[in-house]
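Here's input35.txt, which has compact mmCIF, C-alpha atoms:
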# COMPACT_ATOMS: atom_id res chain seq x y z
CA MET A 331 51.13 -0.29 -91.39
CA LYS A 332 49.24 2.96 -91.18
CA ALA A 333 45.96 1.03 -91.26
CA LYS A 334 47.12 -1.16 -88.35
CA LYS A 335 48.17 1.93 -86.41
CA ALA A 336 44.80 3.54 -87.04
CA VAL A 337 43.04 0.42 -85.85
CA LEU A 338 45.17 0.33 -82.70
CA VAL A 339 44.54 4.01 -81.99
CA SER A 340 40.83 3.57 -82.63
CA GLY A 341 40.74 0.51 -80.37
CA ALA A 342 42.59 2.36 -77.63
CA ALA A 343 40.20 5.29 -77.93
CA MET A 344 37.20 2.99 -77.69
CA ALA A 345 38.71 1.19 -74.70
CA GLY A 346 39.39 4.53 -73.04
CA ALA A 347 35.85 5.67 -73.70
CA GLY A 348 34.55 2.38 -72.32
CA LEU A 349 36.63 2.78 -69.17
CA LEU A 350 35.45 6.36 -68.79
CA CYS A 351 31.82 5.28 -69.10
CA ALA A 352 32.39 2.41 -66.69
CA GLY A 353 34.11 4.74 -64.24
CA THR A 354 31.30 7.28 -64.51
CA ALA A 355 28.70 4.56 -63.99
CA ALA A 356 30.63 3.17 -61.03
CA ALA A 357 30.90 6.63 -59.48
CA PHE A 358 27.15 7.13 -59.97
CA VAL A 359 26.37 3.77 -58.36
CA TYR A 360 28.82 4.50 -55.52
CA ARG A 361 27.12 7.83 -54.82
CA ARG A 362 23.69 6.21 -54.89
CA ILE A 363 24.85 3.47 -52.52
CA GLY A 364 26.49 6.06 -50.31
CA ARG A 365 23.26 8.08 -50.10
CA LYS A 366 21.27 4.96 -49.24
CA ARG A 367 23.76 3.95 -46.57
CA ALA A 368 23.79 7.49 -45.21
CA ARG A 369 20.05 7.20 -44.67
CA ARG A 370 20.60 3.87 -42.94
CA LEU A 371 22.68 5.57 -40.24
CA ASN A 372 19.58 7.35 -39.03
CA GLY A 373 18.46 5.71 -35.79
CA LYS A 374 21.55 3.52 -35.48
CA VAL A 375 23.29 3.19 -32.11
CA VAL A 376 26.95 4.18 -32.18
CA LEU A 377 29.23 3.43 -29.22
CA ILE A 378 32.45 5.48 -29.20
CA THR A 379 35.29 4.97 -26.73
CA GLY A 380 37.59 7.84 -25.82
CA ALA A 381 34.61 9.99 -26.75
CA SER A 382 34.82 12.78 -24.19
CA ARG A 383 37.34 14.83 -26.17
CA GLY A 384 39.51 15.06 -29.28
CA LEU A 385 38.79 12.86 -32.29
CA GLY A 386 36.26 10.83 -30.30
CA LEU A 387 34.14 13.91 -29.69
CA ALA A 388 34.54 15.01 -33.32
CA MET A 389 33.28 11.61 -34.51
CA ALA A 390 30.38 11.75 -32.05
CA GLU A 391 29.36 15.10 -33.54
CA GLU A 392 29.58 13.78 -37.11
CA PHE A 393 27.64 10.58 -36.35
CA GLY A 394 25.09 12.54 -34.31
CA ARG A 395 24.37 14.95 -37.16
CA ARG A 396 23.40 11.91 -39.25
CA GLY A 397 20.63 10.95 -36.85
CA THR A 398 22.35 8.31 -34.73
CA LYS A 399 21.96 7.65 -31.04
CA LEU A 400 25.26 7.95 -29.21
CA VAL A 401 26.97 6.09 -26.38
CA LEU A 402 30.00 8.04 -25.16
CA VAL A 403 32.59 6.17 -23.10
CA ALA A 404 35.62 7.56 -21.25
CA ARG A 405 37.15 7.44 -17.80
CA ASP A 406 36.32 10.98 -16.62
CA PRO A 407 32.59 11.46 -15.86
CA TRP A 408 32.89 15.27 -15.81
CA GLU A 409 34.48 15.37 -19.24
CA LEU A 410 31.74 13.08 -20.53
CA GLU A 411 29.02 15.40 -19.24
CA ARG A 412 30.72 18.39 -20.87
CA ALA A 413 30.93 16.42 -24.11
CA ARG A 414 27.23 15.54 -24.00
CA GLN A 415 26.28 19.14 -23.29
CA SER A 416 28.41 20.41 -26.18
CA LEU A 417 26.82 17.94 -28.61
CA VAL A 418 23.33 19.03 -27.62
CA GLU A 419 24.23 22.73 -27.79
CA ARG A 420 25.73 22.31 -31.29
CA GLY A 421 22.66 20.49 -32.56
CA ALA A 422 24.59 17.26 -33.08
CA ALA A 423 22.01 15.28 -31.09
CA GLY A 424 18.24 15.35 -31.04
CA GLY A 425 18.35 15.84 -27.29
CA ALA A 426 20.15 14.77 -24.14
CA GLU A 427 18.13 11.53 -24.19
CA ASP A 428 19.86 10.54 -27.45
CA VAL A 429 23.30 10.65 -25.81
CA LEU A 430 24.16 8.09 -23.15
CA VAL A 431 27.40 8.65 -21.24
CA VAL A 432 29.09 5.71 -19.50
CA PRO A 433 32.26 6.29 -17.43
CA ALA A 434 34.48 3.21 -17.58
CA ASP A 435 38.08 1.99 -17.44
CA LEU A 436 38.34 -0.17 -20.54
CA HIS A 437 41.65 -1.64 -19.41
CA GLN A 438 39.43 -4.17 -17.67
CA ALA A 439 37.51 -6.68 -19.81
CA GLU A 440 34.64 -6.73 -17.32
CA GLU A 441 34.25 -2.95 -17.60
CA ALA A 442 33.96 -3.21 -21.38
CA LYS A 443 31.33 -5.92 -21.00
CA LYS A 444 29.33 -3.73 -18.62
CA VAL A 445 29.51 -0.79 -21.03
CA VAL A 446 28.03 -2.87 -23.87
CA GLU A 447 25.37 -4.26 -21.55
CA ARG A 448 24.45 -0.74 -20.37
CA ALA A 449 24.23 0.54 -23.95
CA THR A 450 22.12 -2.45 -25.01
CA GLU A 451 19.75 -2.04 -22.05
CA HIS A 452 19.30 1.65 -22.82
CA PHE A 453 19.01 1.65 -26.63
CA GLY A 454 18.27 -2.02 -27.38
CA ARG A 455 21.45 -2.81 -29.32
CA VAL A 456 24.83 -1.51 -30.54
CA ASP A 457 25.08 -1.11 -34.31
CA VAL A 458 28.50 0.52 -34.57
CA LEU A 459 31.47 0.25 -32.20
CA VAL A 460 34.26 2.81 -32.61
CA ASN A 461 37.42 1.83 -30.74
CA ASN A 462 39.09 5.20 -30.26
CA ALA A 463 40.38 5.19 -26.67
CA GLY A 464 44.11 5.60 -26.41
CA THR A 465 47.13 7.32 -24.94
CA ILE A 466 50.53 8.52 -26.14
CA THR A 467 53.87 9.15 -24.46
CA VAL A 468 56.46 11.07 -26.48
CA GLY A 469 60.18 10.81 -25.74
CA PRO A 470 63.37 8.90 -26.54
CA VAL A 471 63.45 5.19 -25.73
CA GLU A 472 66.11 5.79 -23.05
CA ASN A 473 63.57 7.86 -21.10
CA GLN A 474 60.60 5.57 -21.62
CA ARG A 475 59.69 3.27 -18.73
CA VAL A 476 58.43 -0.28 -19.01
CA GLU A 477 55.22 1.05 -17.45
CA ASP A 478 54.77 3.31 -20.49
CA PHE A 479 54.76 0.26 -22.76
CA HIS A 480 52.23 -1.54 -20.57
CA GLU A 481 50.01 1.56 -20.44
CA ALA A 482 50.14 1.97 -24.22
CA MET A 483 49.22 -1.67 -24.82
CA GLU A 484 46.36 -1.54 -22.31
CA SER A 485 44.92 1.71 -23.73
CA ASN A 486 45.66 1.44 -27.44
CA PHE A 487 45.32 -2.31 -27.95
CA PHE A 488 43.54 -4.20 -25.18
CA SER A 489 40.76 -1.63 -24.69
CA GLY A 490 39.77 -2.22 -28.33
CA VAL A 491 40.05 -5.99 -27.95
CA HIS A 492 37.89 -5.92 -24.82
CA CYS A 493 35.16 -3.84 -26.47
CA ALA A 494 35.17 -5.82 -29.73
CA LEU A 495 34.83 -9.14 -27.91
CA ALA A 496 32.07 -7.71 -25.72
CA VAL A 497 29.93 -6.45 -28.61
CA LEU A 498 30.65 -9.27 -31.06
CA PRO A 499 28.09 -11.83 -29.77
CA GLN A 500 25.12 -9.55 -30.45
CA MET A 501 26.47 -8.45 -33.87
CA LEU A 502 26.98 -12.08 -34.92
CA ARG A 503 23.54 -12.98 -33.62
CA HIS A 504 21.96 -10.22 -35.72
CA GLY A 505 24.23 -10.88 -38.70
CA ASN A 506 25.20 -7.22 -39.05
CA GLY A 507 27.10 -4.39 -37.38
CA ALA A 508 30.32 -2.45 -37.78
CA ILE A 509 33.52 -2.25 -35.75
CA VAL A 510 35.79 0.72 -36.42
CA ASN A 511 39.34 0.56 -35.08
CA ILE A 512 41.15 3.90 -34.91
CA THR A 513 44.80 2.91 -35.24
CA SER A 514 47.49 5.22 -36.66
CA ILE A 515 50.06 5.67 -39.38
CA GLY A 516 52.30 4.80 -36.42
CA GLY A 517 50.89 1.29 -36.81
CA LYS A 518 52.27 1.08 -40.35
CA MET A 519 55.73 2.59 -39.82
CA ALA A 520 57.84 3.09 -36.70
CA VAL A 521 57.97 6.75 -35.64
CA PRO A 522 60.92 7.80 -33.44
CA HIS A 523 60.27 9.02 -29.89
CA MET A 524 56.89 7.25 -29.88
CA LEU A 525 57.99 3.65 -29.36
CA PRO A 526 55.33 2.51 -26.84
CA TYR A 527 52.61 4.15 -28.96
CA THR A 528 53.97 2.70 -32.21
CA ALA A 529 54.28 -0.82 -30.80
CA SER A 530 50.70 -0.76 -29.52
CA LYS A 531 49.36 0.63 -32.81
CA PHE A 532 51.13 -2.08 -34.83
CA ALA A 533 49.30 -4.58 -32.63
CA ALA A 534 46.00 -2.73 -33.16
CA VAL A 535 46.41 -2.78 -36.95
CA GLY A 536 47.09 -6.53 -36.90
CA PHE A 537 44.08 -7.19 -34.71
CA SER A 538 41.81 -5.07 -36.90
CA GLU A 539 42.96 -6.68 -40.15
CA GLY A 540 42.58 -10.16 -38.70
CA LEU A 541 39.14 -9.30 -37.33
CA HIS A 542 38.07 -8.15 -40.79
CA ALA A 543 39.28 -11.42 -42.35
CA GLU A 544 37.24 -13.49 -39.92
CA LEU A 545 34.05 -11.41 -39.79
CA ARG A 546 33.52 -10.18 -43.34
CA ALA A 547 31.60 -13.27 -44.44
CA LYS A 548 29.54 -13.20 -41.23
CA GLY A 549 27.91 -9.82 -41.87
CA VAL A 550 30.07 -7.70 -39.55
CA HIS A 551 31.99 -4.90 -41.23
CA VAL A 552 35.43 -4.04 -39.78
CA LEU A 553 37.11 -0.77 -40.75
CA THR A 554 40.78 -0.05 -39.97
CA VAL A 555 41.52 3.68 -39.76
CA CYS A 556 45.16 4.84 -40.01
CA PRO A 557 45.20 8.60 -39.44
CA GLY A 558 48.20 10.87 -39.72
CA LEU A 559 48.50 14.01 -37.61
CA MET A 560 45.20 15.64 -36.67
CA ARG A 561 44.35 18.95 -35.02
CA THR A 562 42.36 17.62 -32.06
CA GLY A 563 44.01 19.55 -29.22
CA SER A 564 45.49 16.29 -27.93
CA HIS A 565 48.97 17.84 -27.66
CA LEU A 566 47.81 19.29 -24.33
CA SER A 567 46.77 15.87 -22.99
CA ALA A 568 49.69 13.85 -24.39
CA MET A 569 52.44 12.76 -21.99
CA PHE A 570 56.11 13.64 -22.51
CA ALA A 571 59.27 11.98 -21.22
CA GLY A 572 62.92 13.02 -21.17
CA ASP A 573 63.38 16.70 -22.03
CA ALA A 574 59.61 17.17 -21.80
CA ALA A 575 59.45 20.85 -22.79
CA ARG A 576 61.45 20.33 -25.99
CA GLU A 577 59.63 17.12 -26.83
CA TYR A 578 56.36 19.00 -26.43
CA ARG A 579 57.57 21.81 -28.68
CA TRP A 580 58.24 19.67 -31.76
CA PHE A 581 55.19 17.47 -31.23
CA SER A 582 52.77 20.38 -30.75
CA VAL A 583 54.05 22.14 -33.88
CA ALA A 584 53.73 19.00 -36.03
CA ALA A 585 50.28 18.19 -34.65
CA ASN A 586 48.88 21.63 -35.46
CA LEU A 587 50.64 22.80 -38.62
CA PRO A 588 48.24 23.08 -41.59
CA GLY A 589 49.48 21.07 -44.54
CA ILE A 590 51.02 18.49 -42.23
CA SER A 591 47.97 17.86 -40.04
CA THR A 592 44.27 17.75 -40.85
CA SER A 593 41.33 19.05 -38.86
CA ALA A 594 39.48 16.74 -36.50
CA ALA A 595 36.22 17.56 -38.28
CA ALA A 596 37.61 16.53 -41.68
CA ALA A 597 39.00 13.31 -40.22
CA ALA A 598 35.66 12.52 -38.56
CA ARG A 599 33.77 13.07 -41.83
CA ARG A 600 36.16 10.75 -43.66
CA ILE A 601 35.74 8.04 -41.04
CA VAL A 602 31.94 8.22 -41.11
CA ARG A 603 31.97 8.03 -44.92
CA GLY A 604 34.19 4.95 -44.61
CA VAL A 605 31.62 3.31 -42.36
CA MET A 606 28.77 4.11 -44.74
CA ALA A 607 30.68 2.80 -47.74
CA SER A 608 31.82 -0.37 -45.90
CA GLU A 609 35.47 0.38 -46.66
CA THR A 610 38.10 -1.98 -45.29
CA GLU A 611 40.91 0.47 -44.55
CA ILE A 612 41.35 4.22 -44.85
CA THR A 613 44.40 6.41 -44.36
CA ILE A 614 43.88 10.06 -43.48
CA THR A 615 46.21 12.87 -44.72
CA PRO A 616 48.30 12.62 -47.91
CA GLN A 617 51.53 12.20 -45.92
CA ALA A 618 50.08 9.19 -44.10
CA MET A 619 48.93 7.63 -47.38
CA VAL A 620 52.39 7.99 -48.93
CA ALA A 621 54.16 6.76 -45.79
CA ALA A 622 51.90 3.69 -45.47
CA ARG A 623 52.62 2.62 -49.03
CA LEU A 624 56.33 3.38 -48.93
CA GLY A 625 56.64 1.36 -45.74
CA ASN A 626 55.48 -1.73 -47.62
CA VAL A 627 57.42 -1.11 -50.83
CA THR A 628 60.70 0.41 -49.61
CA PRO A 629 61.13 -0.45 -45.92
CA GLU A 630 64.88 0.28 -45.98
CA ALA A 631 64.33 3.80 -47.30
CA VAL A 632 61.63 4.51 -44.71
CA ALA A 633 63.83 3.17 -41.90
CA LEU A 634 66.68 5.41 -43.06
CA ALA A 635 64.36 8.43 -43.25
CA MET A 636 63.06 7.80 -39.73
CA SER A 637 66.62 7.46 -38.45
CA MET A 638 67.45 10.85 -39.96
CA VAL A 639 64.34 12.38 -38.36
CA ASN A 640 65.45 10.96 -35.02
CA ARG A 641 68.69 12.93 -35.25
CA LEU A 642 66.71 16.17 -35.31
CA LEU A 643 64.73 15.35 -32.16
CA PRO A 644 65.76 16.21 -28.58
CA ARG A 645 68.38 14.02 -26.96
CA ALA A 646 67.69 11.76 -24.01
CA VAL A 647 68.34 13.08 -20.53
CA ALA A 648 70.38 11.28 -17.89
CA GLU A 649 67.58 10.75 -15.39
CA LYS A 650 64.25 9.05 -15.92
CA SER A 651 62.12 11.78 -14.37
CA GLY A 652 58.75 10.28 -15.25
CA ARG A 653 56.12 11.77 -17.55
CA GLN A 654 54.68 15.26 -17.77
CA ARG A 655 51.43 16.37 -19.38
CA GLY A 656 51.65 18.66 -22.36
CA ALA A 657 49.57 21.38 -20.71
CA ASP A 658 52.17 21.54 -17.92
CA VAL A 659 55.26 22.04 -20.12
CA ARG A 660 54.20 24.76 -22.56
CA GLY A 661 57.13 27.11 -21.91
CA LEU A 662 58.77 26.61 -25.31
CA GLU A 663 55.54 26.47 -27.32
CA THR A 664 55.45 28.21 -30.71
CA MET A 665 52.73 29.81 -32.83
CA PRO A 666 50.84 26.88 -34.44
CA ALA A 667 50.17 25.31 -31.06
CA THR A 668 49.29 28.55 -29.27
CA THR A 669 46.76 29.66 -31.89
CA ILE A 670 45.47 26.81 -34.08
CA GLY A 671 46.13 24.18 -31.42
CA ASP A 672 44.41 26.09 -28.64
CA ALA A 673 41.34 26.63 -30.81
CA ALA A 674 41.13 22.88 -31.47
CA ALA A 675 41.64 22.16 -27.77
CA ARG A 676 38.74 24.44 -26.81
CA ARG A 677 36.53 23.01 -29.53
CA TYR A 678 37.15 19.40 -28.57
CA ASN A 679 37.01 19.54 -24.77
CA GLN A 680 40.78 19.30 -24.14
CA THR A 681 40.77 22.21 -21.70
CA ALA A 682 38.95 22.45 -18.39
Take the structure from the file and write it as structure tokens.
Amino acid sequence: MKAKKAVLVSGAAMAGAGLLCAGTAAAFVYRRIGRKRARRLNGKVVLITGASRGLGLAMAEEFGRRGTKLVLVARDPWELERARQSLVERGAAGGAEDVLVVPADLHQAEEAKKVVERATEHFGRVDVLVNNAGTITVGPVENQRVEDFHEAMESNFFSGVHCALAVLPQMLRHGNGAIVNITSIGGKMAVPHMLPYTASKFAAVGFSEGLHAELRAKGVHVLTVCPGLMRTGSHLSAMFAGDAAREYRWFSVAANLPGISTSAAAAARRIVRGVMASETEITITPQAMVAARLGNVTPEAVALAMSMVNRLLPRAVAEKSGRQRGADVRGLETMPATTIGDAAARRYNQTA
């Protein structure tokens, strides 16, 4: 009996050692592949939507530092010019000639097509498309308008569809390329007081996963990114409905509290590493990782938890007074947003 036990222990030890060696070898190979792919980013053309501020600008800086040429797309031409200037000043671009800015309203499929054509004419091709453009309206469903749902779908879902379909012909023709879809943990689990945003992000996740299934064997890499809360300064640009000042207060605190949120720079680095490693899906922040997995395994528990969170949020107001921008309703703002949040807003072009 003792002999059998010794054999079993010895076998387990050998298996463990084998796994350790295999894991070490795999890690070594992964790092080597990562370094090779990192070099391959040099000279690539990266088109980023929603790139004039926030996470889009943070990703532009991270891609630019790796030697890429950048195409920045957003609606506001002045914000785009400020973004280009900041990238050059921070050394995230070789020069102004390496950063093309294209103002466009991506709600329109024709606009997306023109953006891709302009980028291709200027740089010769598009190697990486990052669908980042989006909007968010925070407030109880009673104070959300049907227009808010349409706006969320146009910005968070259809803008990505339009750009992906516009760039896909050239990627399929070349047999390579990457499409990165910035969705949200709100596309994995329903978050209260963000219903238009959540609905549009669920659609974006489905589109991205389906796109990956169809394009993987054709040489086009599709990465689905599901971030949690990030310190991008976007609380100032977000729209708020209902009791706007109180809605802004809880949202701005959550979006800027260390431990709950992550920095835009850290999120951008993680996304770029995901592109280089040809990952299929990444979730940013530990809370988002846990929530994404619990949503699949224990949907009833997650639904109950979200219902309890909803009870802590501001109540709906009687009148639908429209939406107000975060920067205009800062009266009840608390410390994390006024210090950490303002620093992020200045860094990522969220303030004039």
Exercise for the section: Could you check which of A:Ser608, A:Thr562, A:Thr467, A:Gln617 is closest to Ala594 of chain A, using all atoms listed in the file? Expected result: A:Thr562
Handout entry: Distance criterion (all atoms listed in the file): nearest to Met560 of chain A out of A:Glu441, A:Lys548, A:Ala674, A:Val476
Key =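 Of all the options, A:Ala674 lies closest to Met560 of chain A.
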Practice task
Skip Thr513 of chain A itself and residues of its chain fewer than 3 positions away, then list as a ChimeraX atom specification all residues within 7 Å of it, counting only C-alpha atoms.
Solution key: /A:517,531,534-535,554-556
Using all atoms listed in the file, which protein or nucleic acid residues come within 7 Å of Ala646 of chain A? Drop anything in the same chain fewer than 2 positions from it, and give the result as a PDB file with C-alpha atoms, in the coordinates of the input.
ATOM      1  CA  PRO A 470      63.370   8.900 -26.540  1.00  0.00           C
ATOM      2  CA  GLU A 472      66.110   5.790 -23.050  1.00  0.00           C
ATOM      3  CA  ASN A 473      63.570   7.860 -21.100  1.00  0.00           C
ATOM      4  CA  GLY A 572      62.920  13.020 -21.170  1.00  0.00           C
ATOM      5  CA  ASP A 573      63.380  16.700 -22.030  1.00  0.00           C
ATOM      6  CA  PRO A 644      65.760  16.210 -28.580  1.00  0.00           C
ATOM      7  CA  ALA A 648      70.380  11.280 -17.890  1.00  0.00           C
TER       8      ALA A 648
END
Practice task
List the residues sitting within 8 Å of (47.4, 10.9, -26.5) in the file's frame, using all atoms listed in the file, as a VMD selection string.
Solution key: chain A and resid 464 to 467 564 to 565 567 to 569
Handout entry: Among listed residues A:Ala657, A:Leu642, A:Ala618, A:Ile378, nearest Thr681 of chain A (using only C-alpha atoms)
Key =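 Checking each of A:Ala657, A:Leu642, A:Ala618, A:Ile378 against Thr681 of chain A, counting only C-alpha atoms, the winner is A:Ala657.
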Surrounding residues of segment 392-405 of chain A excluding itself and chain neighbours under 3 positions, 9 Å, only C-alpha atoms, as an mmCIF file with C-alpha atoms, in the frame of the given file:
data_model
loop_
_atom_site.group_PDB
_atom_site.id
_atom_site.type_symbol
_atom_site.label_atom_id
_atom_site.label_comp_id
_atom_site.auth_asym_id
_atom_site.auth_seq_id
_atom_site.Cartn_x
_atom_site.Cartn_y
_atom_site.Cartn_z
ATOM 1 C CA ALA A 368 23.790 7.490 -45.210
ATOM 2 C CA ARG A 369 20.050 7.200 -44.670
ATOM 3 C CA LEU A 371 22.680 5.570 -40.240
ATOM 4 C CA ASN A 372 19.580 7.350 -39.030
ATOM 5 C CA GLY A 373 18.460 5.710 -35.790
ATOM 6 C CA LYS A 374 21.550 3.520 -35.480
ATOM 7 C CA VAL A 375 23.290 3.190 -32.110
ATOM 8 C CA VAL A 376 26.950 4.180 -32.180
ATOM 9 C CA LEU A 377 29.230 3.430 -29.220
ATOM 10 C CA ILE A 378 32.450 5.480 -29.200
ATOM 11 C CA THR A 379 35.290 4.970 -26.730
ATOM 12 C CA GLY A 380 37.590 7.840 -25.820
ATOM 13 C CA ALA A 381 34.610 9.990 -26.750
ATOM 14 C CA SER A 382 34.820 12.780 -24.190
ATOM 15 C CA ARG A 383 37.340 14.830 -26.170
ATOM 16 C CA GLY A 386 36.260 10.830 -30.300
ATOM 17 C CA LEU A 387 34.140 13.910 -29.690
ATOM 18 C CA ALA A 388 34.540 15.010 -33.320
ATOM 19 C CA MET A 389 33.280 11.610 -34.510
ATOM 20 C CA GLU A 409 34.480 15.370 -19.240
ATOM 21 C CA LEU A 410 31.740 13.080 -20.530
ATOM 22 C CA ALA A 413 30.930 16.420 -24.110
ATOM 23 C CA ARG A 414 27.230 15.540 -24.000
ATOM 24 C CA LEU A 417 26.820 17.940 -28.610
ATOM 25 C CA GLY A 421 22.660 20.490 -32.560
ATOM 26 C CA ALA A 422 24.590 17.260 -33.080
ATOM 27 C CA ALA A 423 22.010 15.280 -31.090
ATOM 28 C CA GLY A 424 18.240 15.350 -31.040
ATOM 29 C CA GLU A 427 18.130 11.530 -24.190
ATOM 30 C CA ASP A 428 19.860 10.540 -27.450
ATOM 31 C CA VAL A 429 23.300 10.650 -25.810
ATOM 32 C CA LEU A 430 24.160 8.090 -23.150
ATOM 33 C CA VAL A 431 27.400 8.650 -21.240
ATOM 34 C CA VAL A 432 29.090 5.710 -19.500
ATOM 35 C CA PRO A 433 32.260 6.290 -17.430
ATOM 36 C CA ALA A 434 34.480 3.210 -17.580
ATOM 37 C CA ASP A 435 38.080 1.990 -17.440
ATOM 38 C CA LEU A 436 38.340 -0.170 -20.540
ATOM 39 C CA VAL A 445 29.510 -0.790 -21.030
ATOM 40 C CA ALA A 449 24.230 0.540 -23.950
ATOM 41 C CA PHE A 453 19.010 1.650 -26.630
ATOM 42 C CA VAL A 456 24.830 -1.510 -30.540
ATOM 43 C CA ALA A 463 40.380 5.190 -26.670
ATOM 44 C CA ALA A 595 36.220 17.560 -38.280
ATOM 45 C CA ALA A 598 35.660 12.520 -38.560
ATOM 46 C CA ARG A 599 33.770 13.070 -41.830
ATOM 47 C CA VAL A 602 31.940 8.220 -41.110
#
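Note that the spacing between atom CA of Ser514 of chain A and atom CA of Ala635 of chain A amounts to 18.4 Å.
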Practice task
Rank A:Ala508, A:Val446, A:Leu385, A:Leu643 by their smallest atom-to-atom distance to Glu577 of chain A, using all atoms listed in the file, and report the top residue only.
Solution key: A:Leu643
Practice task
Could you give me, as a count of residues only, the residues that have an atom at most 12 Å away from the point (39.7, -6.6, -40.6) in the coordinates of the file, using only C-alpha atoms?
Solution key: 30
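Among A:Arg455, A:Arg412, A:Arg660, A:Arg420, the residue with the shortest atom-to-atom distance to Tyr578 of chain A, counting all atoms listed in the file, is A:Arg660.
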Handout entry: atom CA of Gly671 of chain A to atom CA of Glu477 of chain A, distance in Å rounded to a single decimal
Key =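 Rounded to one decimal, the two atoms are 28.5 Å apart.
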Completion exercise
The residue from A:Ala529, A:Ala621, A:Val605, A:Ile515 with the smallest atom-to-atom distance to Phe487 of chain A, counting only C-alpha atoms, is A:Ala529
Problem - Interatomic distance (Å, one decimal) between atom CA of Pro666 of chain A and atom CA of Ser593 of chain A - result: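 For atom CA of Pro666 of chain A relative to atom CA of Ser593 of chain A, the distance reads 13.1 Å.
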Handout entry: Residue contacts of His492 of chain A (10 Å, all atoms listed in the file) excluding same-chain residues fewer than 2 positions away, as a list in words
Key =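 The contact residues come out as Leu436, His437, Gln438, Ala439, Glu440, Glu441, Ala442, Lys443, Asn461, Glu484, Phe487, Phe488, Ser489, Gly490, Ala494, Leu495, Ala496 and Val497 of chain A.
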Exercise for the section: Tell me which protein, DNA and RNA residues are within 10 Å of Arg503 of chain A, counting only C-alpha atoms, leaving out same-chain ones fewer than 4 positions away, and put them as a PyMOL selection string. Expected result: chain A and resi 498-499+548-549
Go ahead and fit an axis-aligned box to every listed atom of segment 480-494 of chain A plus 6 Å each side, and pass me the centre and edge lengths in Å, one decimal, as AutoDock Vina command-line options.
--center_x 43.7 --center_y -2.0 --center_z -25.1 --size_x 29.1 --size_y 20.0 --size_z 21.3
Atom completion result for segment 389-403 of chain A (N, CA and C atoms) as a PDB file, in the frame of the given file:
ATOM      1  N   MET A 389      34.050  12.678 -33.862  1.00  0.00           N
ATOM      2  CA  MET A 389      33.280  11.610 -34.510  1.00  0.00           C
ATOM      3  C   MET A 389      31.869  11.544 -33.953  1.00  0.00           C
ATOM      4  N   ALA A 390      31.718  11.758 -32.647  1.00  0.00           N
ATOM      5  CA  ALA A 390      30.380  11.750 -32.050  1.00  0.00           C
ATOM      6  C   ALA A 390      29.516  12.841 -32.687  1.00  0.00           C
ATOM      7  N   GLU A 391      30.104  14.003 -32.913  1.00  0.00           N
ATOM      8  CA  GLU A 391      29.360  15.100 -33.540  1.00  0.00           C
ATOM      9  C   GLU A 391      28.957  14.732 -34.961  1.00  0.00           C
ATOM     10  N   GLU A 392      29.868  14.130 -35.714  1.00  0.00           N
ATOM     11  CA  GLU A 392      29.580  13.780 -37.110  1.00  0.00           C
ATOM     12  C   GLU A 392      28.522  12.671 -37.185  1.00  0.00           C
ATOM     13  N   PHE A 393      28.652  11.642 -36.368  1.00  0.00           N
ATOM     14  CA  PHE A 393      27.640  10.580 -36.350  1.00  0.00           C
ATOM     15  C   PHE A 393      26.287  11.145 -35.887  1.00  0.00           C
ATOM     16  N   GLY A 394      26.329  11.993 -34.848  1.00  0.00           N
ATOM     17  CA  GLY A 394      25.090  12.540 -34.310  1.00  0.00           C
ATOM     18  C   GLY A 394      24.329  13.376 -35.312  1.00  0.00           C
ATOM     19  N   ARG A 395      25.033  14.117 -36.144  1.00  0.00           N
ATOM     20  CA  ARG A 395      24.370  14.950 -37.160  1.00  0.00           C
ATOM     21  C   ARG A 395      23.681  14.084 -38.225  1.00  0.00           C
ATOM     22  N   ARG A 396      24.026  12.828 -38.284  1.00  0.00           N
ATOM     23  CA  ARG A 396      23.400  11.910 -39.250  1.00  0.00           C
ATOM     24  C   ARG A 396      22.275  11.107 -38.615  1.00  0.00           C
ATOM     25  N   GLY A 397      21.821  11.539 -37.446  1.00  0.00           N
ATOM     26  CA  GLY A 397      20.630  10.950 -36.850  1.00  0.00           C
ATOM     27  C   GLY A 397      20.858   9.739 -35.983  1.00  0.00           C
ATOM     28  N   THR A 398      22.091   9.482 -35.564  1.00  0.00           N
ATOM     29  CA  THR A 398      22.350   8.310 -34.730  1.00  0.00           C
ATOM     30  C   THR A 398      22.104   8.609 -33.259  1.00  0.00           C
ATOM     31  N   LYS A 399      21.957   7.558 -32.496  1.00  0.00           N
ATOM     32  CA  LYS A 399      21.960   7.650 -31.040  1.00  0.00           C
ATOM     33  C   LYS A 399      23.381   7.309 -30.574  1.00  0.00           C
ATOM     34  N   LEU A 400      23.848   8.019 -29.577  1.00  0.00           N
ATOM     35  CA  LEU A 400      25.260   7.950 -29.210  1.00  0.00           C
ATOM     36  C   LEU A 400      25.470   7.394 -27.813  1.00  0.00           C
ATOM     37  N   VAL A 401      26.497   6.556 -27.684  1.00  0.00           N
ATOM     38  CA  VAL A 401      26.970   6.090 -26.380  1.00  0.00           C
ATOM     39  C   VAL A 401      28.414   6.559 -26.265  1.00  0.00           C
ATOM     40  N   LEU A 402      28.670   7.471 -25.343  1.00  0.00           N
ATOM     41  CA  LEU A 402      30.000   8.040 -25.160  1.00  0.00           C
ATOM     42  C   LEU A 402      30.669   7.388 -23.956  1.00  0.00           C
ATOM     43  N   VAL A 403      31.870   6.883 -24.160  1.00  0.00           N
ATOM     44  CA  VAL A 403      32.590   6.170 -23.100  1.00  0.00           C
ATOM     45  C   VAL A 403      33.953   6.808 -22.895  1.00  0.00           C
TER      46      VAL A 403
END
